[in-house]
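Structure, as structure tokens:
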Amino acid sequence: MGRWKRTGWWILWLLLAFVATVVWSVTVGPVSIDPLTVCKILLNAIGIPTSIGVHSTSVGGTALSVPGIDLGFVHPFSFAVSQSDRVIVTRIRLPRIALAATVGFGLATAGTVMQGLFRNPMADPSIIGVSSGAAVGAVAMLVLPIALPFGVPLIAFLGAIVTAFGVYLLASSDGRTPVATLLLAGVAVQTFLGAVVSYLLLHAGESVETVLHWLMGDLAAATWSDVVVAAIGSGTAFCVLVGYSRDLNVLLLGEEQAITLGIDVERTKQVLLGLASLATAAAVAVAGVIGFVGLIVPHMLRLVVGPDHRILLPTSALSGAIFLVATDTLARSGPAQLPVGIVTAALGAPFFLYLLRNREVHQL
Amino acid sequence: MNDPVITVDGVRVSYDERTVLENVSLTVDAGTFVGIVGPNGAGKTTLLQTINGVTAPDDGTVTIQGKSVQKASAREIAQRVGTVPQEAPSGFSFPVRDVVAMGRHPHRSRFDRSDPQTAITRAMERTETVALADRTIDTLSGGERQRVRIARAVAQETPALVLDEPTASLDIAHQVRTLELVQSLVNEGKAAVAAIHDLDLAARYCDVVAILSGGTILDSGPPAAVVTPSTIETAYGESMDVHVHQNPVTKTPSVTTIDERTTDLN
């Protein structure tokens with residue numbers, strides 16, 4: 001019972017920290033908005049769905065019509081705020097903050113699971129090549145004269161999933177997939193795909209800046225539909241993975257002991273790899289390659305709350321959201337807007353070195 | 001008692017070209033402690049792995065209380081066989097209580113959020129690990145860690161118990177304490193099978209000793225019948241001179257090896 005109480009308190013505190021970070025983040029920008037106004041706008045935006053209806057939309061002038069769902073909302077709060085403040089917050093700042101939060105949440109979830117599964121402190125969400133695969137797809141799309149529906153995110157997502165699946169197949173034989181082989185196959189495939197990306201970059205021409213922004217992770221172009229994509233990916237993965245926290249704990253003992261404690265190791269690996277890769281792919285597809293969130297946030301939390309995934313997974317995920325909202329706020333608050341990947345790495349790497357020097361990071 | 005819990009029948013295991021076990025058969029009854037002895041590389045660990053489902057035999061069958069291990073899921077096997085693994089470095093820092101609780105894993109559904117305290121506490125009391133409950137596993141001594149591993153297997157509440165070198169890294173006091181604990185679990189009706197290097201300890205604590213050499217069982221039976229100079233010399237190599245006498249205190253066979261060079265010097 002003690003553990004539940006502890007987990008509950010941690011989640012409560014992190015949620016409060018998250019709300020505080022979001023409010024602070026909304027106040028930051030070219031037009032400064034005071035925290036009280038921000039709170040009013042956020043409360044006004046809360047809608048409780050009360051009615052449901054169905055409508056049809058025809059697609060692309062064809063006879064094909066797609067049913068859609070109309071939700072009726074009741075807004076319990078209606079504080080008086082200026083129209084311009086409201087538009088800045090809900091149209092410009094909030095989508096970006098919400099995207100940072102969902103992407104950070106997903107990457108930290110995936111990183112926690114990958115580190116646990118690989119029992120390797122250097123494992124990150126992209127350890128089996130998800131980001132590299134996404135990068136090849138996205139860069140090819142940006143550089144080559146091709147146009148496809150849904151553009152970069154869809155291609156990046158497909159590149160990520162195909163790569164993860166390919167690495168898994170490369171590392172499997174006789175129905176077994178040793179994690180050491182998986183890790184090395186991942187490294188090799190990442191190196192190869194890195195070469196492809198470099199080659200494409202040589203031919204990038206005018207689009208080189210867009211490509212670089214994507215490769216360093218950029219949330220500047222955030223839209224609410226990006227948020228939905230990232231939220232579906234990380235939300236699905238998180239909900240299922242929480243159900244696997246005890247399996248993750250047992251897997252830390254090693255695969256052989258996990259088998260003798262009743263875990264179907266190969267199947268569990270497939271589920272964990274698949275979901276962590278799904279969350280990562282969804283995040284990378286809409287936000288580009290954002291390093292270090294999925295690597296250091298789980299380590300930080302492991303030092304604070306311990307190795308038990310039942311508490312580590314939710315606290316890591318929430319901290320990932322807080323971390324990325326905070327770093328993205330810094331990224332956009334300077335005179336020149338930086339890709340958030342630069343800030344996470346620039347802040348993350350020194351902090352990681354600090355942990356390495358001061359704490360026992362050799363343990364999971 | 002004549003109630004077979006573990007039945008290994010005609011098992012063959014090979015890795016690539018190398019045959020590790022060849023036509024091995026073994027029965028472990030409820031309330032019986034079987035010790036598997038034999039030289040390094042004889043296949044002791046592999047034999048145990050065919051029983052707890054880690055290794056699937058190429059040929060032959062293994063059943064636990066009539067349930068085929070090959071056809072059962074990892075979970076079904078783990079509900080029937082508890083395993084005490086070999087000492088291995090623990091790269092994590094779970095509290096002892098959580099490690100013991102992992103023994104309940106095969107009995108709990110994914111969404112079972114209850115805390116099966118009774119089985120855990122019972123297992124910890126049984127293995128005298130209650131005082132260690134809140135310590136983390138990486139802060140324990142080798143002997144304490146071994147008791148925690150046994151506690152975890154006891155918490156599994158299985159009819160069969162598999163132990164791989166349970167005494168290998170322990171001092172003499174902890175060796176005796178560990179094997180006495182296993183013996184008392186067996187007296188309560190469990191069927192236990194352990195790989196043991198120390199012939200004297202095997203002869204002293206096991207009801208049945210099986211000598212494994214080159215992937216086959218040379219002989220098995222009561223210690224006094226099996227631990228003899230001729231079987232030991234066959235198992236461990238002809239170059240050794242072996243003297244077996246009855247230990248005056250325990251009244252069980254005790255083995256002294258005499259190196260050829262030592263005899264030459266005399």
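Going by the structure tokens order, chains are called A, B, ..., each with residues numbered from 1, while ligands are numbered from 1 in the order shown.
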I need the residues in range 110-272 of chain A that are helix (DSSP H, G or I) according to DSSP; give them as an MDAnalysis selection string. chainID A and resid 110:118 130:143 151:171 179:202 205:215 224:242 245:251 255:260 265:272
Could you list, as a ChimeraX atom specification, every residue within 9 Å of range 239-250 of chain B, counting only C-alpha atoms and ignoring same-chain residues fewer than 3 positions away? /B:200,204,224,227-230,232-233,236,253-260,263
Output N, CA and C atoms for every residue in the selection just made, as a short mmCIF file (atom, residue, chain, number, x, y, z; two decimals), in the first residue's frame.
```
data_model
loop_
_atom_site.label_atom_id
_atom_site.label_comp_id
_atom_site.auth_asym_id
_atom_site.auth_seq_id
_atom_site.Cartn_x
_atom_site.Cartn_y
_atom_site.Cartn_z
N ASP B 200 30.48 -34.24 -1.17
CA ASP B 200 30.16 -34.53 0.23
C ASP B 200 28.82 -33.93 0.63
N ARG B 204 25.39 -35.78 1.65
CA ARG B 204 24.87 -35.58 2.99
C ARG B 204 23.40 -35.12 2.99
N ALA B 224 24.93 -43.49 -0.73
CA ALA B 224 25.89 -44.52 -0.36
C ALA B 224 26.13 -45.51 -1.50
N VAL B 227 27.87 -42.84 -4.70
CA VAL B 227 29.15 -42.18 -4.49
C VAL B 227 30.19 -43.24 -4.12
N THR B 228 30.73 -43.85 -5.15
CA THR B 228 31.74 -44.89 -4.96
C THR B 228 32.96 -44.55 -5.82
N PRO B 229 34.13 -45.05 -5.46
CA PRO B 229 35.34 -44.71 -6.23
C PRO B 229 35.18 -45.00 -7.71
N SER B 230 34.54 -46.13 -8.06
CA SER B 230 34.50 -46.48 -9.48
C SER B 230 33.62 -45.51 -10.29
N ILE B 232 32.85 -42.43 -9.54
CA ILE B 232 33.46 -41.10 -9.55
C ILE B 232 34.63 -41.06 -10.52
N GLU B 233 35.42 -42.11 -10.52
CA GLU B 233 36.54 -42.13 -11.45
C GLU B 233 36.06 -42.16 -12.89
N TYR B 236 34.63 -38.45 -13.53
CA TYR B 236 35.54 -37.30 -13.51
C TYR B 236 36.86 -37.57 -14.24
N PRO B 253 28.69 -40.71 2.73
CA PRO B 253 29.97 -40.87 2.03
C PRO B 253 30.71 -39.54 1.93
N SER B 254 32.04 -39.62 2.05
CA SER B 254 32.87 -38.44 1.90
C SER B 254 34.00 -38.78 0.94
N VAL B 255 34.28 -37.87 0.02
CA VAL B 255 35.22 -38.17 -1.06
C VAL B 255 36.52 -37.41 -0.87
N THR B 256 37.63 -38.10 -1.00
CA THR B 256 38.93 -37.44 -1.01
C THR B 256 39.59 -37.78 -2.34
N THR B 257 40.06 -36.76 -3.04
CA THR B 257 40.73 -37.04 -4.31
C THR B 257 42.22 -37.03 -4.09
N ILE B 258 42.87 -37.95 -4.75
CA ILE B 258 44.32 -38.04 -4.64
C ILE B 258 44.90 -37.90 -6.04
N ASP B 259 45.64 -36.83 -6.22
CA ASP B 259 46.24 -36.56 -7.52
C ASP B 259 47.33 -37.60 -7.77
N GLU B 260 47.48 -38.00 -9.02
CA GLU B 260 48.51 -39.02 -9.35
C GLU B 260 49.89 -38.60 -8.89
N THR B 263 50.45 -39.19 -5.29
CA THR B 263 50.73 -40.59 -4.97
C THR B 263 52.15 -40.97 -5.37
#
```
For chain A, report every residue with an atom at most 8 Å from chain B (counting only C-alpha atoms), formatted as a PyMOL selection string. chain A and resi 1+243-244+246+250+252-253+256-257+259-264+306-308+363-364
For the residues selected in the previous step, produce a file with N, CA and C atoms as a PDB file, in the first residue's frame.
```pdb
ATOM      1  N   MET A   1       0.847  -1.200   0.000  1.00  0.00           N
ATOM      2  CA  MET A   1       0.000   0.000   0.000  1.00  0.00           C
ATOM      3  C   MET A   1       0.876   1.242   0.000  1.00  0.00           C
ATOM      4  N   GLY A 243       0.642  -1.352 -18.031  1.00  0.00           N
ATOM      5  CA  GLY A 243       0.237  -2.717 -17.710  1.00  0.00           C
ATOM      6  C   GLY A 243       1.394  -3.700 -17.722  1.00  0.00           C
ATOM      7  N   TYR A 244       2.501  -3.321 -18.321  1.00  0.00           N
ATOM      8  CA  TYR A 244       3.677  -4.196 -18.396  1.00  0.00           C
ATOM      9  C   TYR A 244       4.753  -3.802 -17.386  1.00  0.00           C
ATOM     10  N   ARG A 246       5.239  -4.501 -14.263  1.00  0.00           N
ATOM     11  CA  ARG A 246       5.794  -5.591 -13.448  1.00  0.00           C
ATOM     12  C   ARG A 246       6.674  -6.510 -14.297  1.00  0.00           C
ATOM     13  N   VAL A 250      10.647  -7.574 -13.720  1.00  0.00           N
ATOM     14  CA  VAL A 250      11.169  -8.943 -13.706  1.00  0.00           C
ATOM     15  C   VAL A 250      12.240  -9.100 -14.797  1.00  0.00           C
ATOM     16  N   LEU A 252      14.394  -7.043 -15.645  1.00  0.00           N
ATOM     17  CA  LEU A 252      15.671  -6.493 -15.183  1.00  0.00           C
ATOM     18  C   LEU A 252      16.554  -7.574 -14.572  1.00  0.00           C
ATOM     19  N   LEU A 253      15.950  -8.695 -14.133  1.00  0.00           N
ATOM     20  CA  LEU A 253      16.733  -9.783 -13.548  1.00  0.00           C
ATOM     21  C   LEU A 253      17.495 -10.548 -14.622  1.00  0.00           C
ATOM     22  N   GLU A 256      16.755 -15.112 -18.604  1.00  0.00           N
ATOM     23  CA  GLU A 256      16.590 -16.480 -18.140  1.00  0.00           C
ATOM     24  C   GLU A 256      15.732 -16.516 -16.877  1.00  0.00           C
ATOM     25  N   GLN A 257      16.042 -15.612 -15.940  1.00  0.00           N
ATOM     26  CA  GLN A 257      15.237 -15.578 -14.720  1.00  0.00           C
ATOM     27  C   GLN A 257      13.813 -15.141 -15.021  1.00  0.00           C
ATOM     28  N   ILE A 259      12.100 -15.887 -17.622  1.00  0.00           N
ATOM     29  CA  ILE A 259      11.377 -17.079 -18.097  1.00  0.00           C
ATOM     30  C   ILE A 259      10.931 -17.923 -16.908  1.00  0.00           C
ATOM     31  N   THR A 260      11.849 -18.128 -15.945  1.00  0.00           N
ATOM     32  CA  THR A 260      11.495 -18.994 -14.810  1.00  0.00           C
ATOM     33  C   THR A 260      10.480 -18.314 -13.895  1.00  0.00           C
ATOM     34  N   LEU A 261      10.237 -17.025 -14.095  1.00  0.00           N
ATOM     35  CA  LEU A 261       9.184 -16.360 -13.328  1.00  0.00           C
ATOM     36  C   LEU A 261       7.935 -16.166 -14.189  1.00  0.00           C
ATOM     37  N   GLY A 262       7.873 -16.934 -15.289  1.00  0.00           N
ATOM     38  CA  GLY A 262       6.616 -17.009 -16.026  1.00  0.00           C
ATOM     39  C   GLY A 262       6.415 -15.976 -17.110  1.00  0.00           C
ATOM     40  N   ILE A 263       7.478 -15.313 -17.544  1.00  0.00           N
ATOM     41  CA  ILE A 263       7.306 -14.313 -18.605  1.00  0.00           C
ATOM     42  C   ILE A 263       7.639 -14.923 -19.963  1.00  0.00           C
ATOM     43  N   ASP A 264       6.726 -14.732 -20.906  1.00  0.00           N
ATOM     44  CA  ASP A 264       6.986 -15.160 -22.280  1.00  0.00           C
ATOM     45  C   ASP A 264       7.892 -14.080 -22.878  1.00  0.00           C
ATOM     46  N   GLY A 306      13.849   5.340  -7.905  1.00  0.00           N
ATOM     47  CA  GLY A 306      14.272   3.940  -7.876  1.00  0.00           C
ATOM     48  C   GLY A 306      13.906   3.205  -9.147  1.00  0.00           C
ATOM     49  N   PRO A 307      14.262   1.909  -9.234  1.00  0.00           N
ATOM     50  CA  PRO A 307      14.134   1.188 -10.495  1.00  0.00           C
ATOM     51  C   PRO A 307      12.754   0.591 -10.765  1.00  0.00           C
ATOM     52  N   ASP A 308      11.821   0.694  -9.795  1.00  0.00           N
ATOM     53  CA  ASP A 308      10.526   0.033  -9.952  1.00  0.00           C
ATOM     54  C   ASP A 308       9.697   0.734 -11.032  1.00  0.00           C
ATOM     55  N   GLN A 363      24.281   1.568 -12.768  1.00  0.00           N
ATOM     56  CA  GLN A 363      23.184   0.658 -12.445  1.00  0.00           C
ATOM     57  C   GLN A 363      21.910   1.115 -13.122  1.00  0.00           C
ATOM     58  N   LEU A 364      21.088   0.143 -13.428  1.00  0.00           N
ATOM     59  CA  LEU A 364      19.777   0.519 -13.957  1.00  0.00           C
ATOM     60  C   LEU A 364      18.822   0.646 -12.787  1.00  0.00           C
TER      61      LEU A 364
END
```
Picked from range 6-226 of chain B by DSSP as strand (DSSP E), as a ChimeraX atom specification: /B:6-15,18-29,33-37,59-64,67-68,81-84,160-164,191-195,208-213,216-221
All residues 9 Å or closer to Gly41 in chain B, only C-alpha atoms, same chain fewer than 5 positions away omitted, as a ChimeraX atom specification: /B:20,213-215
Atoms kept (N, CA and C atoms) for selection, written as a PDB file, in the first residue's frame:
```pdb
ATOM      1  N   VAL B  20      24.762 -31.923 -25.813  1.00  0.00           N
ATOM      2  CA  VAL B  20      25.006 -31.617 -24.403  1.00  0.00           C
ATOM      3  C   VAL B  20      24.369 -32.668 -23.496  1.00  0.00           C
ATOM      4  N   SER B 213      27.661 -37.245 -16.536  1.00  0.00           N
ATOM      5  CA  SER B 213      28.987 -37.075 -17.132  1.00  0.00           C
ATOM      6  C   SER B 213      28.864 -37.215 -18.641  1.00  0.00           C
ATOM      7  N   GLY B 214      29.454 -36.288 -19.353  1.00  0.00           N
ATOM      8  CA  GLY B 214      29.394 -36.333 -20.818  1.00  0.00           C
ATOM      9  C   GLY B 214      27.984 -36.348 -21.360  1.00  0.00           C
ATOM     10  N   GLY B 215      27.047 -35.751 -20.649  1.00  0.00           N
ATOM     11  CA  GLY B 215      25.688 -35.635 -21.160  1.00  0.00           C
ATOM     12  C   GLY B 215      24.796 -36.826 -20.866  1.00  0.00           C
TER      13      GLY B 215
END
```
CA of Ile161 in chain A to CA of Val242 in chain A, straight-line distance in Å: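 About the pair CA of Val242 in chain A and CA of Ile161 in chain A: they are 21.6 Å apart.
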Tell me which protein, DNA and RNA residues are within 12 Å of Gln190 in chain A, counting only C-alpha atoms, leaving out same-chain ones fewer than 3 positions away, and put them as a list in words.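 Using only C-alpha atoms, the neighbours found are Ser126, Ile127, Ile128, Gly129, Val130, Ser131, Ser132, Gly133, Ala134, Ala135, Val136, Ala160, Thr163, Ala164, Gly166, Val167, Leu182, Leu183, Leu184, Ala185, Gly186, Val187, Leu193, Gly194, Ala195, Val196 and Val197 of chain A.
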Point-to-point distance from CA of Ser32 in chain A to CA of Ala326 in chain A, Å rounded to tenths: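 Straight-line distance from CA of Ser32 in chain A to CA of Ala326 in chain A works out to 16.5 Å.
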